[in-house]
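Asker: Before we start, here is the structure in question, set down as structure tokens.
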Protein chains: 2
Amino acid sequence: MEFSSKLLEDAVNEVAQLPGIGRRTALRLVLYLLRQPDNQTNQLAKSLLDMRSKINFCSSCHNISDNSICKICSNQNRNKSTICIVEDIRDVLAIESTATFKGIYHVLGGKISPMDGIGPNDLNIESLVLKVKTGLIKEVIFALSSTMEGDTTNFYIYKQIQDLEIKVSTIARGISVGDELEYADEVTLGRSITNRIPFEISLK
Amino acid sequence: MEFSSKLLEDAVNEVAQLPGIGRRTALRLVLYLLRQPDNQTNQLAKSLLDMRSKINFCSSCHNISDNSICKICSNQNRNKSTICIVEDIRDVLAIESTATFKGIYHVLGGKISPMDGIGPNDLNIESLVLKVKTGLIKEVIFALSSTMEGDTTNFYIYKQIQDLEIKVSTIARGISVGDELEYADEVTLGRSITNRIPFEISLK
């Protein structure tokens, strides 16, 4: 694709660097911005620049935050003795949207994955272990994805905190609500039978 | 989705205004930028701002251009007497990439579409008719999309230039190269039989 304008070409090339956006989509987005008032492009650029230059990470849980301590960690109504370990900021958003968890989070920033060159030192594991060792934490919930890397990370962290007197749990795996049994994979279905729960609890 | 940061939320909202990008995709793109070096966000923002504020449209053909006359219109090797009428800048790019057209273009900026409130005066039709009437144009090629709006626009322009002594043609419709006949729609197949061409020409 040869462009009649260097400015257009530069903009398309930059937008096409975003993940999942090819050159055709980039061109469509850029031409869309050209048809809209100047203001929209200015706002978009400003919000991206502001975010990149001013954003902070919570010094306690490593979640994205505008201040040095995030809204969740500084919220007096959250239970500071229960900590949920997640991979990513998006997982915090996902769990928050269920409104079922009232504790605090710890964002690892990924999973241990030797294939991708990610070791324990690349993740926020040390600050987690220190936090758990203060004695203020009563329960740790693992909410990492159910993959080999997720399980490895869970186990690595578990080994460091297993001698402490705290409850360690992991989120339940099973058939999704609304799913039909016949289409579920065997591993998930097997786990959901092994980890069956008293019927009265499922009514709550 | 409730964000822990106003800066993040603003950025996601702005990105989600782009066509075809929802809030989840916007969040993914924004978090990707956060993980990359500052430089990438700065370059992206700068190229968008530069493009929006500095870009010009060719005063002759209305194509996007860095100068007042675009590269194609100012190219001495192009045949200025043959003009190809297209809807959009993307159509110019598509035809240019075939390297089969050596004339110049005229970008209408859309099609006549009363349903969307687009009338002839919203398009670059007047400048086209004036250009054709100078007498320097020998052939006009309609390359609009084959829809009711495209046909209406073709016909509207044709009515204004039909009395001039110029050749008016439209791009060929037919079965795509490589397509199998049995899967072609009836209208396209019918047209490709009606407008059959001498076999010798197809060999060229």
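Within each chain, counting starts at residue 1; across the structure tokens, chains are named A, B, ... in the order shown, with ligands numbered 1 upward in that order.
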Could you write out as a PyMOL selection string the residues of chain B within 7 Å of chain A, counting only C-alpha atoms?
Answerer: chain B and resi 1-8+10-11+14-15+18-19+29+34+38+41-42+44-45+47-52+55+64-66+70-71+93+97
Asker: Please save C-alpha atoms of the selected residues as a PDB file, in the first residue's frame.
Answerer:
```
ATOM      1  CA  MET B   1     -16.305  -2.058  34.472  1.00  0.00           C
ATOM      2  CA  GLU B   2     -15.041   0.209  37.225  1.00  0.00           C
ATOM      3  CA  PHE B   3     -11.462   1.381  36.891  1.00  0.00           C
ATOM      4  CA  SER B   4      -9.078   2.026  39.737  1.00  0.00           C
ATOM      5  CA  SER B   5      -7.638   5.011  37.894  1.00  0.00           C
ATOM      6  CA  LYS B   6      -9.265   8.036  36.284  1.00  0.00           C
ATOM      7  CA  LEU B   7      -6.357   8.370  33.824  1.00  0.00           C
ATOM      8  CA  LEU B   8      -6.811   4.789  32.695  1.00  0.00           C
ATOM      9  CA  ASP B  10     -10.222   8.383  30.299  1.00  0.00           C
ATOM     10  CA  ALA B  11      -7.783   6.683  27.939  1.00  0.00           C
ATOM     11  CA  GLU B  14     -11.267   7.768  24.196  1.00  0.00           C
ATOM     12  CA  VAL B  15      -9.906   4.673  22.448  1.00  0.00           C
ATOM     13  CA  LEU B  18     -12.961   4.543  17.505  1.00  0.00           C
ATOM     14  CA  PRO B  19     -15.187   2.517  15.174  1.00  0.00           C
ATOM     15  CA  LEU B  29      -4.687  -1.688  23.778  1.00  0.00           C
ATOM     16  CA  LEU B  34       1.508   0.908  29.443  1.00  0.00           C
ATOM     17  CA  ASP B  38       7.045   5.694  26.912  1.00  0.00           C
ATOM     18  CA  THR B  41       2.858   6.205  23.186  1.00  0.00           C
ATOM     19  CA  ASN B  42       4.568   9.526  22.468  1.00  0.00           C
ATOM     20  CA  LEU B  44       1.609   7.384  18.407  1.00  0.00           C
ATOM     21  CA  ALA B  45       0.121  10.550  19.906  1.00  0.00           C
ATOM     22  CA  SER B  47       1.770  11.129  14.581  1.00  0.00           C
ATOM     23  CA  LEU B  48      -1.993  11.376  15.126  1.00  0.00           C
ATOM     24  CA  LEU B  49      -1.800  15.044  16.144  1.00  0.00           C
ATOM     25  CA  ASP B  50       0.523  15.910  13.258  1.00  0.00           C
ATOM     26  CA  MET B  51      -1.689  14.148  10.799  1.00  0.00           C
ATOM     27  CA  ARG B  52      -4.880  15.793  12.033  1.00  0.00           C
ATOM     28  CA  ILE B  55      -2.760  17.124   6.526  1.00  0.00           C
ATOM     29  CA  ILE B  64      -5.133  13.229   0.906  1.00  0.00           C
ATOM     30  CA  SER B  65      -1.878  15.057   0.315  1.00  0.00           C
ATOM     31  CA  ASP B  66       0.969  16.745   2.176  1.00  0.00           C
ATOM     32  CA  CYS B  70      -1.110  15.543  -4.510  1.00  0.00           C
ATOM     33  CA  LYS B  71       1.670  13.325  -5.848  1.00  0.00           C
ATOM     34  CA  LEU B  93      -4.994   3.203  -2.666  1.00  0.00           C
ATOM     35  CA  SER B  97      -1.878  -1.009  -5.833  1.00  0.00           C
TER      36      SER B  97
END
```
Asker: Enumerate, as JSON, numbers by chain, the complete set of residues in chain B that a backbone-based DSSP assignment places in strand (DSSP E).
Answerer: {"B": [56, 57, 64, 65, 82, 83, 84, 85, 86, 104, 105, 106, 107, 139, 140, 141, 142, 167, 168, 169, 170]}
Asker: So what do you get for CA of Arg191 in chain A versus CA of Pro120 in chain A, distance-wise?
Answerer: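 Interatomic distance here is 28.0 Å.
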